[in-house]
Structures are given as structure tokens and as C-alpha cells.
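The file query_25.cif comes next; it holds mmCIF, C-alpha atoms.
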```cif
data_my_file
loop_
_atom_site.group_PDB
_atom_site.id
_atom_site.type_symbol
_atom_site.label_atom_id
_atom_site.label_comp_id
_atom_site.auth_asym_id
_atom_site.auth_seq_id
_atom_site.Cartn_x
_atom_site.Cartn_y
_atom_site.Cartn_z
ATOM 1 C CA MET X 1 0.000 0.000 0.000
ATOM 2 C CA SER X 2 1.392 3.451 -0.924
ATOM 3 C CA TYR X 3 2.214 6.097 1.690
ATOM 4 C CA PHE X 4 -0.633 8.357 0.546
ATOM 5 C CA LYS X 5 -3.187 5.525 0.432
ATOM 6 C CA THR X 6 -2.174 4.478 3.958
ATOM 7 C CA PHE X 7 -2.457 8.072 5.164
ATOM 8 C CA PHE X 8 -5.952 8.658 3.803
ATOM 9 C CA THR X 9 -7.183 5.214 4.905
ATOM 10 C CA SER X 10 -5.901 5.926 8.407
ATOM 11 C CA LEU X 11 -7.531 9.319 8.371
ATOM 12 C CA LYS X 12 -10.898 7.763 7.435
ATOM 13 C CA LEU X 13 -10.637 5.308 10.309
ATOM 14 C CA PHE X 14 -9.622 7.997 12.744
ATOM 15 C CA ILE X 15 -12.598 10.141 11.774
ATOM 16 C CA LEU X 16 -14.862 7.220 12.649
ATOM 17 C CA LEU X 17 -13.068 6.729 15.954
ATOM 18 C CA SER X 18 -13.426 10.402 16.856
ATOM 19 C CA THR X 19 -16.569 11.976 18.254
ATOM 20 C CA SER X 20 -16.407 14.782 15.687
ATOM 21 C CA LEU X 21 -14.936 15.426 12.256
ATOM 22 C CA ALA X 22 -12.418 17.829 13.761
ATOM 23 C CA LEU X 23 -9.140 16.125 14.675
ATOM 24 C CA ALA X 24 -8.957 17.632 18.157
ATOM 25 C CA GLU X 25 -6.182 15.345 19.468
ATOM 26 C CA ASN X 26 -3.203 13.417 18.236
ATOM 27 C CA PRO X 27 -4.223 9.724 17.838
ATOM 28 C CA LYS X 28 -1.209 8.794 19.981
ATOM 29 C CA ASN X 29 -2.855 10.603 22.901
ATOM 30 C CA ILE X 30 -6.294 9.016 22.561
ATOM 31 C CA ILE X 31 -6.905 5.891 24.653
ATOM 32 C CA ALA X 32 -8.761 3.103 22.878
ATOM 33 C CA ALA X 33 -8.318 0.447 25.614
ATOM 34 C CA ASN X 34 -6.478 -0.330 28.879
ATOM 35 C CA VAL X 35 -4.979 -3.591 30.077
ATOM 36 C CA ASN X 36 -4.070 -2.821 33.701
ATOM 37 C CA GLU X 37 -1.477 -0.031 33.275
ATOM 38 C CA TYR X 38 -0.876 -0.780 29.585
ATOM 39 C CA ILE X 39 -2.553 1.632 27.150
ATOM 40 C CA ILE X 40 -3.702 0.910 23.611
ATOM 41 C CA THR X 41 -4.034 4.145 21.674
ATOM 42 C CA ALA X 42 -6.030 5.141 18.615
ATOM 43 C CA GLN X 43 -2.691 5.222 16.771
ATOM 44 C CA ASP X 44 -2.128 1.556 17.692
ATOM 45 C CA VAL X 45 -5.532 0.797 16.160
ATOM 46 C CA LEU X 46 -4.646 2.741 13.001
ATOM 47 C CA ASP X 47 -1.333 0.904 12.689
ATOM 48 C CA ALA X 48 -3.029 -2.478 13.155
ATOM 49 C CA TYR X 49 -5.673 -1.543 10.593
ATOM 50 C CA GLY X 50 -2.969 -0.643 8.097
ATOM 51 C CA ARG X 51 -1.494 -4.140 8.418
ATOM 52 C CA LEU X 52 -4.780 -5.917 7.681
ATOM 53 C CA PRO X 53 -5.191 -7.794 4.364
ATOM 54 C CA SER X 54 -7.106 -5.775 1.759
ATOM 55 C CA LYS X 55 -9.902 -8.361 1.776
ATOM 56 C CA LEU X 56 -10.641 -7.673 5.456
ATOM 57 C CA LYS X 57 -10.722 -3.928 4.816
ATOM 58 C CA GLU X 58 -13.783 -4.441 2.624
ATOM 59 C CA LYS X 59 -15.821 -4.766 5.834
ATOM 60 C CA PRO X 60 -17.242 -1.586 7.451
ATOM 61 C CA LEU X 61 -14.683 0.041 9.724
ATOM 62 C CA PRO X 62 -16.927 0.120 12.825
ATOM 63 C CA GLU X 63 -17.327 -3.646 12.438
ATOM 64 C CA LEU X 64 -13.529 -4.136 12.391
ATOM 65 C CA TYR X 65 -12.845 -1.971 15.438
ATOM 66 C CA PRO X 66 -13.764 -4.523 18.197
ATOM 67 C CA ASN X 67 -11.754 -7.261 16.482
ATOM 68 C CA ILE X 68 -8.708 -5.008 16.157
ATOM 69 C CA ILE X 69 -8.912 -3.933 19.810
ATOM 70 C CA ASN X 70 -9.273 -7.516 21.073
ATOM 71 C CA GLU X 71 -6.394 -8.663 18.886
ATOM 72 C CA LEU X 72 -4.172 -5.916 20.308
ATOM 73 C CA ILE X 73 -5.181 -6.897 23.848
ATOM 74 C CA ASN X 74 -4.377 -10.556 23.170
ATOM 75 C CA GLN X 75 -1.076 -9.575 21.597
ATOM 76 C CA HIS X 76 -0.096 -7.588 24.703
ATOM 77 C CA LEU X 77 -1.055 -10.412 27.081
ATOM 78 C CA ILE X 78 0.920 -12.955 25.038
ATOM 79 C CA THR X 79 3.893 -10.566 24.931
ATOM 80 C CA GLU X 80 3.747 -10.259 28.738
ATOM 81 C CA GLN X 81 3.868 -14.023 28.993
ATOM 82 C CA ALA X 82 6.834 -14.169 26.612
ATOM 83 C CA TYR X 83 8.760 -11.682 28.789
ATOM 84 C CA LYS X 84 7.954 -13.706 31.904
ATOM 85 C CA GLU X 85 9.537 -16.719 30.233
ATOM 86 C CA LYS X 86 12.547 -14.537 29.223
ATOM 87 C CA LEU X 87 11.952 -15.216 25.544
ATOM 88 C CA ASP X 88 13.421 -11.773 24.789
ATOM 89 C CA LEU X 89 16.839 -13.228 25.725
ATOM 90 C CA ASN X 90 16.521 -16.094 23.248
ATOM 91 C CA LYS X 91 19.193 -15.775 20.513
ATOM 92 C CA THR X 92 16.766 -16.707 17.705
ATOM 93 C CA VAL X 93 14.305 -14.067 18.884
ATOM 94 C CA ILE X 94 17.068 -11.441 19.195
ATOM 95 C CA ASP X 95 18.243 -12.179 15.624
ATOM 96 C CA GLN X 96 14.673 -11.951 14.310
ATOM 97 C CA ILE X 97 14.082 -8.637 16.117
ATOM 98 C CA LYS X 98 17.261 -7.217 14.581
ATOM 99 C CA LYS X 99 16.176 -8.293 11.094
ATOM 100 C CA ASN X 100 12.739 -6.742 11.582
ATOM 101 C CA LYS X 101 14.343 -3.568 12.901
ATOM 102 C CA ASP X 102 16.629 -3.415 9.851
ATOM 103 C CA GLN X 103 13.672 -3.888 7.475
ATOM 104 C CA ILE X 104 11.661 -1.144 9.210
ATOM 105 C CA LEU X 105 14.612 1.266 9.064
ATOM 106 C CA ALA X 106 15.191 0.498 5.382
ATOM 107 C CA ARG X 107 11.510 0.945 4.543
ATOM 108 C CA PHE X 108 11.268 4.306 6.345
ATOM 109 C CA TRP X 109 14.500 5.506 4.761
ATOM 110 C CA ILE X 110 13.278 4.581 1.254
ATOM 111 C CA ASN X 111 9.911 6.292 1.856
ATOM 112 C CA ASN X 112 11.638 9.492 2.962
ATOM 113 C CA PHE X 113 14.106 9.267 0.073
ATOM 114 C CA LEU X 114 11.333 8.924 -2.531
ATOM 115 C CA LEU X 115 9.260 11.717 -0.964
ATOM 116 C CA ASN X 116 12.284 13.982 -1.249
ATOM 117 C CA GLN X 117 12.933 12.933 -4.861
ATOM 118 C CA THR X 118 9.329 13.629 -5.895
ATOM 119 C CA LYS X 119 9.051 17.135 -4.473
ATOM 120 C CA ARG X 120 7.064 19.623 -6.536
ATOM 121 C CA GLU X 121 10.178 21.324 -7.908
ATOM 122 C CA ASN X 122 11.593 18.008 -9.191
ATOM 123 C CA ILE X 123 8.288 17.172 -10.880
ATOM 124 C CA GLU X 124 8.289 20.600 -12.570
ATOM 125 C CA ILE X 125 11.906 20.187 -13.734
ATOM 126 C CA PHE X 126 11.032 16.798 -15.246
ATOM 127 C CA TYR X 127 7.937 18.258 -16.933
ATOM 128 C CA ASN X 128 9.855 21.256 -18.334
ATOM 129 C CA ASN X 129 12.457 18.892 -19.810
ATOM 130 C CA TYR X 130 9.596 16.937 -21.384
ATOM 131 C CA LEU X 131 8.264 20.163 -22.948
ATOM 132 C CA LYS X 132 11.710 21.060 -24.323
ATOM 133 C CA ALA X 133 12.193 17.608 -25.837
ATOM 134 C CA PHE X 134 8.647 17.309 -27.194
ATOM 135 C CA LYS X 135 8.319 16.937 -30.957
ATOM 136 C CA SER X 136 4.921 17.097 -32.588
ATOM 137 C CA SER X 137 3.772 14.174 -34.709
ATOM 138 C CA LYS X 138 0.618 13.104 -36.501
ATOM 139 C CA GLU X 139 -2.166 11.512 -34.446
ATOM 140 C CA PHE X 140 -4.969 9.533 -36.014
ATOM 141 C CA ASN X 141 -8.497 8.834 -34.885
ATOM 142 C CA ALA X 142 -10.020 5.804 -36.578
ATOM 143 C CA SER X 143 -12.822 3.265 -36.298
ATOM 144 C CA HIS X 144 -12.760 -0.283 -37.592
ATOM 145 C CA ILE X 145 -14.883 -3.357 -38.120
ATOM 146 C CA LEU X 146 -12.993 -6.589 -37.491
ATOM 147 C CA VAL X 147 -14.172 -9.962 -38.828
ATOM 148 C CA LYS X 148 -12.582 -13.385 -39.222
ATOM 149 C CA GLU X 149 -13.460 -14.117 -42.866
ATOM 150 C CA GLU X 150 -12.481 -12.005 -45.888
ATOM 151 C CA GLN X 151 -15.788 -12.776 -47.613
ATOM 152 C CA GLN X 152 -17.713 -11.300 -44.680
ATOM 153 C CA ALA X 153 -15.533 -8.179 -44.870
ATOM 154 C CA PHE X 154 -16.387 -7.719 -48.569
ATOM 155 C CA GLU X 155 -20.091 -8.117 -47.755
ATOM 156 C CA ILE X 156 -19.816 -5.366 -45.135
ATOM 157 C CA LEU X 157 -18.053 -3.091 -47.628
ATOM 158 C CA LYS X 158 -20.923 -3.608 -50.051
ATOM 159 C CA LYS X 159 -23.417 -2.624 -47.344
ATOM 160 C CA LEU X 160 -21.410 0.506 -46.644
ATOM 161 C CA GLU X 161 -21.498 1.366 -50.346
ATOM 162 C CA ASN X 162 -25.288 1.120 -50.088
ATOM 163 C CA ASN X 163 -25.273 3.753 -47.327
ATOM 164 C CA ALA X 164 -25.349 1.438 -44.300
ATOM 165 C CA LYS X 165 -24.061 3.170 -41.145
ATOM 166 C CA PHE X 166 -20.494 2.236 -40.185
ATOM 167 C CA SER X 167 -21.299 2.515 -36.463
ATOM 168 C CA ASP X 168 -24.293 0.139 -36.725
ATOM 169 C CA LEU X 169 -22.304 -2.497 -38.629
ATOM 170 C CA ALA X 170 -19.440 -2.226 -36.139
ATOM 171 C CA LYS X 171 -21.852 -2.930 -33.284
ATOM 172 C CA THR X 172 -23.438 -5.956 -34.957
ATOM 173 C CA GLN X 173 -20.591 -7.422 -37.026
ATOM 174 C CA SER X 174 -17.227 -6.596 -35.413
ATOM 175 C CA ILE X 175 -15.534 -9.223 -33.236
ATOM 176 C CA GLY X 176 -13.103 -6.653 -31.846
ATOM 177 C CA PRO X 177 -13.544 -5.187 -28.336
ATOM 178 C CA SER X 178 -14.224 -1.756 -29.866
ATOM 179 C CA GLY X 179 -17.328 -3.110 -31.643
ATOM 180 C CA LYS X 180 -19.608 -2.270 -28.744
ATOM 181 C CA ASN X 181 -18.280 1.312 -28.989
ATOM 182 C CA GLU X 182 -19.223 1.652 -32.675
ATOM 183 C CA GLY X 183 -15.725 0.480 -33.670
ATOM 184 C CA LYS X 184 -14.058 3.631 -32.312
ATOM 185 C CA LEU X 185 -10.364 3.181 -31.513
ATOM 186 C CA GLY X 186 -9.695 6.719 -30.296
ATOM 187 C CA TRP X 187 -6.449 8.583 -30.936
ATOM 188 C CA PHE X 188 -3.176 6.802 -31.698
ATOM 189 C CA THR X 189 0.228 7.612 -33.166
ATOM 190 C CA SER X 190 2.546 5.848 -35.571
ATOM 191 C CA GLY X 191 3.897 2.612 -34.125
ATOM 192 C CA GLN X 192 0.930 1.871 -31.881
ATOM 193 C CA MET X 193 -0.932 -0.267 -34.416
ATOM 194 C CA VAL X 194 0.286 -3.314 -36.356
ATOM 195 C CA LYS X 195 2.103 -2.263 -39.536
ATOM 196 C CA GLU X 196 -0.603 -3.448 -41.999
ATOM 197 C CA PHE X 197 -3.258 -1.470 -40.114
ATOM 198 C CA GLU X 198 -1.061 1.635 -39.888
ATOM 199 C CA LYS X 199 -0.153 1.504 -43.588
ATOM 200 C CA ALA X 200 -3.862 1.429 -44.495
ATOM 201 C CA VAL X 201 -4.639 4.368 -42.181
ATOM 202 C CA LEU X 202 -1.826 6.451 -43.716
ATOM 203 C CA SER X 203 -3.330 5.924 -47.180
ATOM 204 C CA LEU X 204 -6.721 7.340 -46.140
ATOM 205 C CA LYS X 205 -8.035 10.889 -46.092
ATOM 206 C CA LYS X 206 -10.354 12.168 -43.373
ATOM 207 C CA GLY X 207 -13.774 10.492 -43.704
ATOM 208 C CA GLU X 208 -12.541 7.759 -46.078
ATOM 209 C CA ILE X 209 -13.064 4.006 -45.655
ATOM 210 C CA THR X 210 -10.616 1.378 -46.917
ATOM 211 C CA LYS X 211 -11.741 0.055 -50.306
ATOM 212 C CA LYS X 212 -10.523 -3.485 -49.546
ATOM 213 C CA PRO X 213 -10.327 -5.500 -46.319
ATOM 214 C CA VAL X 214 -7.014 -5.077 -44.499
ATOM 215 C CA LYS X 215 -5.553 -8.366 -43.310
ATOM 216 C CA THR X 216 -3.628 -8.535 -40.015
ATOM 217 C CA LYS X 217 -2.912 -11.297 -37.503
ATOM 218 C CA PHE X 218 -6.240 -10.421 -35.856
ATOM 219 C CA GLY X 219 -8.399 -10.943 -38.954
ATOM 220 C CA PHE X 220 -9.808 -8.637 -41.640
ATOM 221 C CA HIS X 221 -10.385 -4.946 -40.934
ATOM 222 C CA ILE X 222 -12.535 -2.308 -42.581
ATOM 223 C CA ILE X 223 -11.113 1.035 -41.451
ATOM 224 C CA LEU X 224 -12.686 4.481 -41.286
ATOM 225 C CA LEU X 225 -10.374 7.466 -40.695
ATOM 226 C CA ASN X 226 -12.290 9.944 -38.538
ATOM 227 C CA GLU X 227 -9.736 12.671 -37.912
ATOM 228 C CA VAL X 228 -6.035 13.615 -38.134
ATOM 229 C CA ARG X 229 -4.275 16.167 -35.933
ATOM 230 C CA ASP X 230 -0.830 17.321 -34.819
ATOM 231 C CA SER X 231 0.035 16.049 -31.372
ATOM 232 C CA LYS X 232 0.463 18.518 -28.502
ATOM 233 C CA PRO X 233 2.324 18.100 -25.210
ATOM 234 C CA LYS X 234 0.117 16.865 -22.387
ATOM 235 C CA LYS X 235 -0.738 19.109 -19.458
ATOM 236 C CA LEU X 236 1.142 18.557 -16.212
ATOM 237 C CA SER X 237 -2.058 17.369 -14.527
ATOM 238 C CA GLU X 238 -2.391 14.624 -17.166
ATOM 239 C CA VAL X 239 1.140 13.252 -16.796
ATOM 240 C CA GLN X 240 1.993 14.078 -13.175
ATOM 241 C CA GLN X 241 1.490 10.535 -11.849
ATOM 242 C CA ASN X 242 3.544 9.119 -14.729
ATOM 243 C CA ILE X 243 6.297 11.626 -13.939
ATOM 244 C CA ILE X 244 6.251 10.647 -10.257
ATOM 245 C CA ASN X 245 6.480 6.963 -11.196
ATOM 246 C CA ARG X 246 9.338 7.661 -13.602
ATOM 247 C CA ILE X 247 11.250 9.740 -11.031
ATOM 248 C CA LYS X 248 10.815 6.976 -8.449
ATOM 249 C CA LYS X 249 11.995 4.309 -10.880
ATOM 250 C CA ASN X 250 15.034 6.336 -11.991
ATOM 251 C CA SER X 251 15.872 7.350 -8.421
ATOM 252 C CA LEU X 252 15.767 3.767 -7.160
ATOM 253 C CA SER X 253 17.888 2.566 -10.083
ATOM 254 C CA ASN X 254 20.500 5.285 -9.484
ATOM 255 C CA LEU X 255 20.403 4.652 -5.737
ATOM 256 C CA GLU X 256 21.064 0.935 -6.230
ATOM 257 C CA LYS X 257 24.103 1.692 -8.430
ATOM 258 C CA LYS X 258 25.400 4.235 -5.937
ATOM 259 C CA LEU X 259 25.000 1.970 -2.901
ATOM 260 C CA ARG X 260 26.569 -1.039 -4.652
ATOM 261 C CA LYS X 261 29.548 0.865 -6.044
ATOM 262 C CA ASN X 262 32.871 -0.491 -4.732
ATOM 263 C CA ARG X 263 31.041 -3.109 -2.636
ATOM 264 C CA LYS X 264 32.096 -6.747 -2.811
ATOM 265 C CA ILE X 265 28.797 -8.558 -3.418
ATOM 266 C CA ILE X 266 28.621 -12.311 -3.974
ATOM 267 C CA ILE X 267 25.356 -14.057 -4.863
ATOM 268 C CA ASN X 268 25.539 -17.828 -4.590
ATOM 269 C CA ASP X 269 23.763 -20.045 -7.110
ATOM 270 C CA PHE X 270 20.236 -21.029 -6.036
ATOM 271 C CA LYS X 271 20.863 -24.741 -6.621
ATOM 272 C CA ASP X 272 23.914 -24.687 -4.300
ATOM 273 C CA VAL X 273 21.956 -22.846 -1.603
ATOM 274 C CA ALA X 274 18.934 -25.151 -1.918
ATOM 275 C CA GLN X 275 21.138 -28.242 -1.791
ATOM 276 C CA LYS X 276 22.779 -27.103 1.455
ATOM 277 C CA VAL X 277 19.375 -26.314 2.980
ATOM 278 C CA ASN X 278 18.032 -29.740 2.095
ATOM 279 C CA ASN X 279 21.088 -31.692 3.266
#
```

Can the structure from this file be put into C-alpha cells for me?
Amino acid sequence: MSYFKTFFTSLKLFILLSTSLALAENPKNIIAANVNEYIITAQDVLDAYGRLPSKLKEKPLPELYPNIINELINQHLITEQAYKEKLDLNKTVIDQIKKNKDQILARFWINNFLLNQTKRENIEIFYNNYLKAFKSSKEFNASHILVKEEQQAFEILKKLENNAKFSDLAKTQSIGPSGKNEGKLGWFTSGQMVKEFEKAVLSLKKGEITKKPVKTKFGFHIILLNEVRDSKPKKLSEVQQNIINRIKKNSLSNLEKKLRKNRKIIINDFKDVAQKVNN
């Protein structure tokens, strides 16, 4: 679950736990339950909720609250018992705690690192570079009717010559997923369609229909070119999430190279590792 999704999900739960919509107190200071002197806070509930499987979160939040509280109480009581039996001094437990601690530290560090990398100014720099590098190209808007047999395609062409509506035939005859949408494919650029389809589109003028069926690996197409335009750069609001994803991907890739530089790293073959485990 992303940082933002976790934040807003937690906020929703906290609103339900509060007596009003105003967040009057820090969730760490709100008591949800007591076990003798031990306190379970609203923040503990939020943290536990965040760890639940997504399937469980489909249930109404008020319905989950008693189960979460009782689970936290049970967890505390079991932990007390473990301390009584000095399990915290067990070497296996100590090693596991260290590993969990290391994973938590790494996760928090990465989250902070990515938040810093995706600050507004970095997003704007990325977007401005995109604008500078942008080159306009032709975009096409087309509709098609896709059928399996060439003979059927010729029959449809004949109907179109007799003034049948392209959209109606697409709905009733096309086996392509766009058939239910009158055969409309929307806007696309060169390279997005299979070469036979693209070649046919490039030969058409606005409003023209292919005179012969166009064969591709999908079947036989009858293509109508609806519109042609010069592409324009997308607005920041349209590409912002893509920019954030790209920055994160690039940042993590560069980080990995930086951290691994001049480090002696040896990865043993899986078969050798598995064989030693099984022996």
C-alpha cells in the first residue's frame, strides 16, 4: 500500500473513531483500551488496521474496530507471557528482532528518500524537460470493423457502399472489443498499431473508408479514418502521476548503483543454496 493511500485510509478510520470530524487530538494521545497499566491508543488501532489484508478492509470500519482492539489486547497479554519466560533473551528471537528492525529502518529511509525525490520542484523540472524535448507528430483517430473471414468483410463493404451506417455495422458485425463502442479506436500515433493497419490508415483521407479488407494477424479490418491532428504536449495534470512513477523508478535505479559501487557482493547459485538447505 502506498504512503498516501495508507495516510488517507488511516484518516478515514480515525474520523470514525473520533466523536467529531475535527481532529482535536493526536491519535497517539487518545486511549482506545487499557490492560491494567498498559494503554492501547487510537494510533495503535490505526497501525493495526494498516497491516490488515485488503480483503478484510472491505468490511465496514466500525465492524472491524472490536476485532482489532481484542487482537491488540491478546497480543499484549501474550507478549507479557513471553517476557515472563525470558523469551526476549533467546538468541533466535534477538536475531529476528534485529532483522525486523533493519527492514523497518530500510523501509522508512526509502519512503523518505522517494518523498524527497518527488518534491514539486523536481516534478516541474522533469515536466519542463519533457516540454523542451517534445516533438509534434501526426495523431490519427479511426474506427474499424474486425471480422474473421475475408468474404464477410467484402459483404460489409458492399453494405457501406449502399449507405449502411459504419457505427451500426461495427456494433453488430465486429468481433473486436471496440465493436460495442461503434468500432471507435480513439487517438493513436505511428507505431501503436500493427504495420498493416497503420499503412492502411496512412493511405486514407479524413472520412474515407478502406476500399478493400485489411488483413492482419487479428483478422480482416474495414477502417474508417475519422480525424487527423498534430500532437500537442500533455498538461502537467495529465502526466503528473507518470512523472512521479518515472522519477521513483530512476531514483531507485540510481540509488542501487550508488550503494553497490565499490562493494564486494557475492550471490551464490540457487541450486547450491537449496542443496545445502536440504542436506

Inset, instruction - Give me the result of the PyMOL selection byres ((chain X and resi 163-175) around 9) on this file, residue by residue, as a list of chain:residue names. - result: X:Ser143, X:His144, X:Ile145, X:Leu146, X:Val147, X:Lys148, X:Ile156, X:Lys158, X:Lys159, X:Leu160, X:Glu161, X:Asn162, X:Gly176, X:Pro177, X:Ser178, X:Gly179, X:Lys180, X:Asn181, X:Glu182, X:Gly183, X:Lys184, X:His221, X:Leu224

Legend entry - Given all atoms listed in the file as the counted atoms, nearest of X:Lys138, X:Val239, X:Leu255, X:Gln151 to X:Gly191: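 Checking each of X:Lys138, X:Val239, X:Leu255, X:Gln151 against X:Gly191, counting all atoms listed in the file, the winner is X:Lys138.
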
Inset, instruction - Step by step, work through what the PyMOL selection byres ((chain X and resi 244-252) around 8) selects in the shown file, and finish by giving those residues as a ChimeraX atom specification. - result: /X:114,117-118,123,240-243,253-256

Inset, instruction - May I have the residues within 8 Å of X:Phe197 as a list in words, using only C-alpha atoms and disregarding those fewer than 3 positions away in the same chain? - result: Met193, Val194, Ala200, Val201, Val214, Lys215, Thr216 and His221 of chain X

Inset, instruction - Determine the nearest neighbour of X:Glu80 from the options X:Leu259, X:Ile222, X:Val35, X:Asp102, counting all atoms listed in the file. - result: X:Val35

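Coordinates place atom CA of X:Lys101 at a distance of 18.9 Å from atom CA of X:Ala82.
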
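When atom CA of X:Ile125 is paired with atom CA of X:Trp109, their separation reads 23.8 Å.
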
Legend entry - Atomic separation - atom CA of X:Pro213 relative to atom CA of X:Asp230, Å: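 Those two atoms sit 27.3 Å apart.
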
Inset, instruction - Give the answer as one residue: which of X:Leu87, X:Leu115, X:Leu105, X:Ile69 has the shortest atom-to-atom distance to X:Ile39, using only C-alpha atoms? - result: X:Ile69

Can you spell out as a PDB file with C-alpha atoms, keeping the file's coordinate frame the set of residues that the PyMOL selection byres ((chain X and resi 27) around 7) selects in the structure I just provided?
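This is the output file part_32.pdb:
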```pdb
ATOM      1  CA  GLU X  25      -6.182  15.345  19.468  1.00  0.00           C
ATOM      2  CA  ASN X  26      -3.203  13.417  18.236  1.00  0.00           C
ATOM      3  CA  LYS X  28      -1.209   8.794  19.981  1.00  0.00           C
ATOM      4  CA  ASN X  29      -2.855  10.603  22.901  1.00  0.00           C
ATOM      5  CA  ILE X  30      -6.294   9.016  22.561  1.00  0.00           C
ATOM      6  CA  THR X  41      -4.034   4.145  21.674  1.00  0.00           C
ATOM      7  CA  ALA X  42      -6.030   5.141  18.615  1.00  0.00           C
ATOM      8  CA  GLN X  43      -2.691   5.222  16.771  1.00  0.00           C
TER       9      GLN X  43
END
```

To test the calculation: enclose all listed atoms of stretch 74-89 of chain X in a box whose edges run along x, y and z, add 5 Å on each side, then state centre and edge lengths in Å to one decimal, as lines of an AutoDock Vina configuration file.
```
center_x = 6.2
center_y = -12.2
center_z = 26.8
size_x = 31.2
size_y = 19.1
size_z = 20.3
```

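Nearest to X:Glu150 of all the residues X:Ile267, X:Lys91, X:Lys212, X:Asn36 is X:Lys212, based on all atoms listed in the file.
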